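A short worksheet on the structure shown next.
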Amino acid sequence: MKKVIVTGALGQIGSELVTAMRKQYGADNVLATDIRHIDHPVTQEGPFEVLDVMDGERMAALAKGHGADTMIHLAALLSATAEANPLLAWNLNMGGLMNALEVSKEQNMQFFTPSSIGAFGPSTPKDGTPQDTIQRPTTMYGVNKVSGELLGDYYFHKFGLDTRGLRFPGLISYEVLPGGGTTDYAVDIYYKAIEEGAYTSFINKGTYMDMMYMPDAIQAIIDLMEADPTKLVHRNSFNVTAMSMEPEMVAAEIRKHIPTFELSYHVDPIRQGIAESWPNSIDASAAKQEWGFNPTYSLETMTVDMLEKLKVKLGK
């Protein structure tokens, strides 16, 4: 990667990935785009353009004008939001992806888009979910992600496009507020712990899901995109994870620092149903073997960092 264009750059992943890539590759070499412009380091500390990913012609013009050799396509609706409006999710998630793939093919760019544990479903093995396994999701978001994985493979085999991707678990970050995902409780719980000393979870006790701290996710994207392509047996998409946890485990770690923290439950049946269709834990051995994936944060060390950073951010 030398000249990069990023879609969805103001989202949870993009807002931190753009900053990291600008530090590594130079601010002027990373063009951030999003459907809106707001006051944010992403829009202020390097090139930024407003882009609706449904506008393939503008996407192509921006990529060409930037001289991009890499497309990082992040723009998408997340799981709970997609389930509430499945037609919009299909049109945006798949239409935007097709535009990004076509632009990347025509301009011979390296291509990345994230997948998700949402690509799995109730019939997928729940524990130690393999890299290659049955994928029959029961949500529109999951259907989008499986379709995206298949399209990435198709463009690689059919056109020789250097496509790569990661199946992300829930991503936890202090930078961006939750944005409509099923795993968002694992972000919001830290905010509420500091602001209110209590949290009401929409995910039920004992519901295990895989998670990863954002610094590990950002590093994983960069490492995968820099990996030797001859060593990649898989391309779209690698299982990656750092921890499998349920709400009580997070609360227990928070209480080490905020002993009076209280956790209660008001379960959202939509998001709970989505969570129950996903794995309890996944196997990331293929990513470790093929390109050296190695997360550094555990639930314990992530909690320490989240609380420290949020206290500063929230002025507490």
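Naming works like this for the structure tokens: A, B, ... for the chains as they're shown, residue 1 at the start of each chain, ligands 1 onward in shown order.
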
Sort by chain and increasing residue number a table of all residues of region 22-47 of chain A within 12 Å of region 73-88 of chain A, each with its closest pair of atoms and their distance in Å to one decimal, counting only C-alpha atoms, and write it as a Markdown table.
| residue | atom | partner | partner_atom | distance |
| --- | --- | --- | --- | --- |
| A:Leu31 | CA | A:His73 | CA | 12.0 |
| A:Ala32 | CA | A:His73 | CA | 10.6 |
| A:Thr33 | CA | A:Ala75 | CA | 9.3 |
| A:Asp34 | CA | A:Ala75 | CA | 7.7 |
| A:Ile35 | CA | A:Ala75 | CA | 8.8 |
| A:Arg36 | CA | A:Ala75 | CA | 11.7 |

Please save C-alpha atoms of the selected residues as a CSV table (one decimal), in the first residue's frame.
chain,number,residue,atom,x,y,z
A,31,LEU,CA,-7.8,9.8,0.9
A,32,ALA,CA,-10.7,9.4,3.4
A,33,THR,CA,-14.2,9.5,2.1
A,34,ASP,CA,-17.7,9.3,3.7
A,35,ILE,CA,-21.2,10.2,2.9
A,36,ARG,CA,-21.0,13.2,5.3

Neighbour list for Phe112 (chain A) as a short mmCIF file (atom, residue, chain, number, x, y, z; two decimals) with C-alpha atoms, in the first residue's frame, cut-off 6 Å, only C-alpha atoms, skip fewer than 5 positions in-chain:
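The resulting out00.cif:
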data_model
loop_
_atom_site.label_atom_id
_atom_site.label_comp_id
_atom_site.auth_asym_id
_atom_site.auth_seq_id
_atom_site.Cartn_x
_atom_site.Cartn_y
_atom_site.Cartn_z
CA ILE A 72 -10.29 -0.04 1.67
CA THR A 163 -8.84 -9.08 -2.78
CA ARG A 164 -8.39 -9.63 0.95
CA GLY A 165 -10.66 -9.58 3.98
#

Each residue of region 126-180 of chain A with at least one atom at most 9 Å from region 278-287 of chain A should appear once, together with its nearest atom pair and the corresponding distance in Å (one decimal); atoms considered: only C-alpha atoms; ordering: chain, then increasing residue number; output as a Markdown table.
| residue | atom | partner | partner_atom | distance |
| --- | --- | --- | --- | --- |
| A:Lys126 | CA | A:Pro279 | CA | 4.3 |
| A:Asp127 | CA | A:Ser281 | CA | 5.0 |
| A:Gly128 | CA | A:Ile282 | CA | 4.5 |
| A:Thr129 | CA | A:Ile282 | CA | 4.2 |
| A:Pro130 | CA | A:Asp283 | CA | 5.3 |
| A:Gln131 | CA | A:Asp283 | CA | 6.6 |
| A:Pro137 | CA | A:Trp278 | CA | 8.4 |
| A:Leu166 | CA | A:Ala287 | CA | 8.9 |
| A:Pro169 | CA | A:Ile282 | CA | 8.9 |

Go ahead and save the residues from that selection, with N, CA and C atoms, as an mmCIF file, in the first residue's frame.
data_model
loop_
_atom_site.group_PDB
_atom_site.id
_atom_site.type_symbol
_atom_site.label_atom_id
_atom_site.label_comp_id
_atom_site.auth_asym_id
_atom_site.auth_seq_id
_atom_site.Cartn_x
_atom_site.Cartn_y
_atom_site.Cartn_z
ATOM 1 N N LYS A 126 -20.738 -23.975 16.945
ATOM 2 C CA LYS A 126 -20.740 -22.856 17.880
ATOM 3 C C LYS A 126 -19.387 -22.583 18.519
ATOM 4 N N ASP A 127 -18.644 -23.623 18.819
ATOM 5 C CA ASP A 127 -17.408 -23.465 19.572
ATOM 6 C C ASP A 127 -16.201 -23.818 18.699
ATOM 7 N N GLY A 128 -15.192 -22.939 18.724
ATOM 8 C CA GLY A 128 -14.035 -23.161 17.872
ATOM 9 C C GLY A 128 -14.408 -23.184 16.404
ATOM 10 N N THR A 129 -15.289 -22.272 15.996
ATOM 11 C CA THR A 129 -15.790 -22.237 14.621
ATOM 12 C C THR A 129 -14.637 -22.218 13.622
ATOM 13 N N PRO A 130 -14.567 -23.199 12.719
ATOM 14 C CA PRO A 130 -13.423 -23.295 11.801
ATOM 15 C C PRO A 130 -13.413 -22.174 10.761
ATOM 16 N N GLN A 131 -12.260 -22.008 10.139
ATOM 17 C CA GLN A 131 -12.136 -21.063 9.031
ATOM 18 C C GLN A 131 -13.083 -21.435 7.894
ATOM 19 N N PRO A 137 -26.350 -17.783 7.340
ATOM 20 C CA PRO A 137 -26.837 -16.764 8.267
ATOM 21 C C PRO A 137 -28.343 -16.540 8.116
ATOM 22 N N LEU A 166 -11.157 -9.786 6.319
ATOM 23 C CA LEU A 166 -11.142 -10.362 7.659
ATOM 24 C C LEU A 166 -12.570 -10.536 8.146
ATOM 25 N N PRO A 169 -14.842 -10.053 14.657
ATOM 26 C CA PRO A 169 -15.797 -10.218 15.745
ATOM 27 C C PRO A 169 -16.308 -8.843 16.153
#

For this session: Go ahead and compute the interatomic distance for CA of Ala60 (chain A) and CA of Glu226 (chain A), in Å to one decimal.
Result: 23.4 Å

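You can rank A:Thr139, A:Lys313, A:Pro215, A:Ala100 by their closest distance to Arg58 (chain A) using only C-alpha atoms, and at the top of that list sits A:Ala100.
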
Problem set entry | Residues within 10 Å of Gln12 (chain A), only C-alpha atoms, excluding chain neighbours under 2 positions, as a PyMOL selection string | chain A and resi 8-10+14-17+74+171-179+214

For this session: Write down as a ChimeraX atom specification the residues belonging to region 77-196 of chain A that are assigned alpha helix (DSSP H) by DSSP computed on the backbone.
Result: /A:79-84,86-106,140-159,185-195

Seminar exercise, completed: In terms of only C-alpha atoms, the residue from A:Glu57, A:Glu102, A:Glu290, A:Asp28 at minimal distance from Lys3 (chain A) is A:Asp28

For this session: Return the single residue from A:Asn144, A:Ser201, A:Asn236, A:Thr19 that is closest to Asp184 (chain A), with distances computed using only C-alpha atoms.
Result: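 Result for the nearest residue to Asp184 (chain A): A:Ser201.
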
Problem set entry | Close residues, region 273-275 of chain A itself excluded, 9 Å, only C-alpha atoms, min 3 positions apart in chain, as a list of chain:residue names |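 Close residues of region 273-275 of chain A: A:Ser79, A:Ala80, A:Gly118, A:Gly121, A:Thr138, A:Thr139, A:Thr182, A:Thr183, A:Ile203, A:Thr207, A:Tyr208, A:Met209, A:Asp268, A:Pro269, A:Ile270, A:Trp278, A:Pro279.
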
Hey, could you make a per-residue contact list for region 213-271 of chain A against region 189-200 of chain A with 6 Å as the cut-off, showing the nearest pair of atoms and its distance in Å to one decimal, counting only C-alpha atoms, sorted by chain and number, as a Markdown table?
| residue | atom | partner | partner_atom | distance |
| --- | --- | --- | --- | --- |
| A:Phe261 | CA | A:Gly197 | CA | 4.9 |
| A:Glu262 | CA | A:Ala198 | CA | 4.5 |
| A:Leu263 | CA | A:Tyr199 | CA | 5.1 |
| A:Ser264 | CA | A:Thr200 | CA | 4.7 |
| A:Tyr265 | CA | A:Thr200 | CA | 5.0 |

Would you pick out the contacts of Thr124 (chain A) at 7 Å or less, using only C-alpha atoms, so that residues sharing its chain but fewer than 6 positions from it are not included, and give the list as an mmCIF file with C-alpha atoms, in the first residue's frame?
data_model
loop_
_atom_site.group_PDB
_atom_site.id
_atom_site.type_symbol
_atom_site.label_atom_id
_atom_site.label_comp_id
_atom_site.auth_asym_id
_atom_site.auth_seq_id
_atom_site.Cartn_x
_atom_site.Cartn_y
_atom_site.Cartn_z
ATOM 1 C CA THR A 133 -17.403 -24.249 7.630
ATOM 2 C CA ILE A 134 -21.107 -24.007 6.869
ATOM 3 C CA GLN A 135 -22.353 -20.422 6.487
#

Give me the residues near Asp69 (chain A) as an mmCIF file with C-alpha atoms, in the first residue's frame, where near means some atom within 10 Å (using only C-alpha atoms) and where sequence neighbours in that chain fewer than 6 positions away do not count.
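Written file, around.cif:
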data_model
loop_
_atom_site.group_PDB
_atom_site.id
_atom_site.type_symbol
_atom_site.label_atom_id
_atom_site.label_comp_id
_atom_site.auth_asym_id
_atom_site.auth_seq_id
_atom_site.Cartn_x
_atom_site.Cartn_y
_atom_site.Cartn_z
ATOM 1 C CA MET A 1 0.000 0.000 0.000
ATOM 2 C CA LYS A 2 1.312 3.421 -1.000
ATOM 3 C CA LYS A 3 -1.737 5.452 -2.048
ATOM 4 C CA VAL A 4 -4.980 4.469 -0.341
ATOM 5 C CA ILE A 5 -8.653 5.442 -0.692
ATOM 6 C CA ALA A 63 -9.631 6.889 -6.850
ATOM 7 C CA SER A 104 -10.625 -1.608 -8.043
ATOM 8 C CA GLN A 107 -7.813 0.658 -11.854
ATOM 9 C CA ASN A 108 -5.877 -2.469 -10.806
ATOM 10 C CA MET A 109 -5.950 -1.723 -7.087
ATOM 11 C CA GLN A 110 -5.426 -3.975 -4.105
ATOM 12 C CA PHE A 111 -8.788 -4.408 -2.365
#
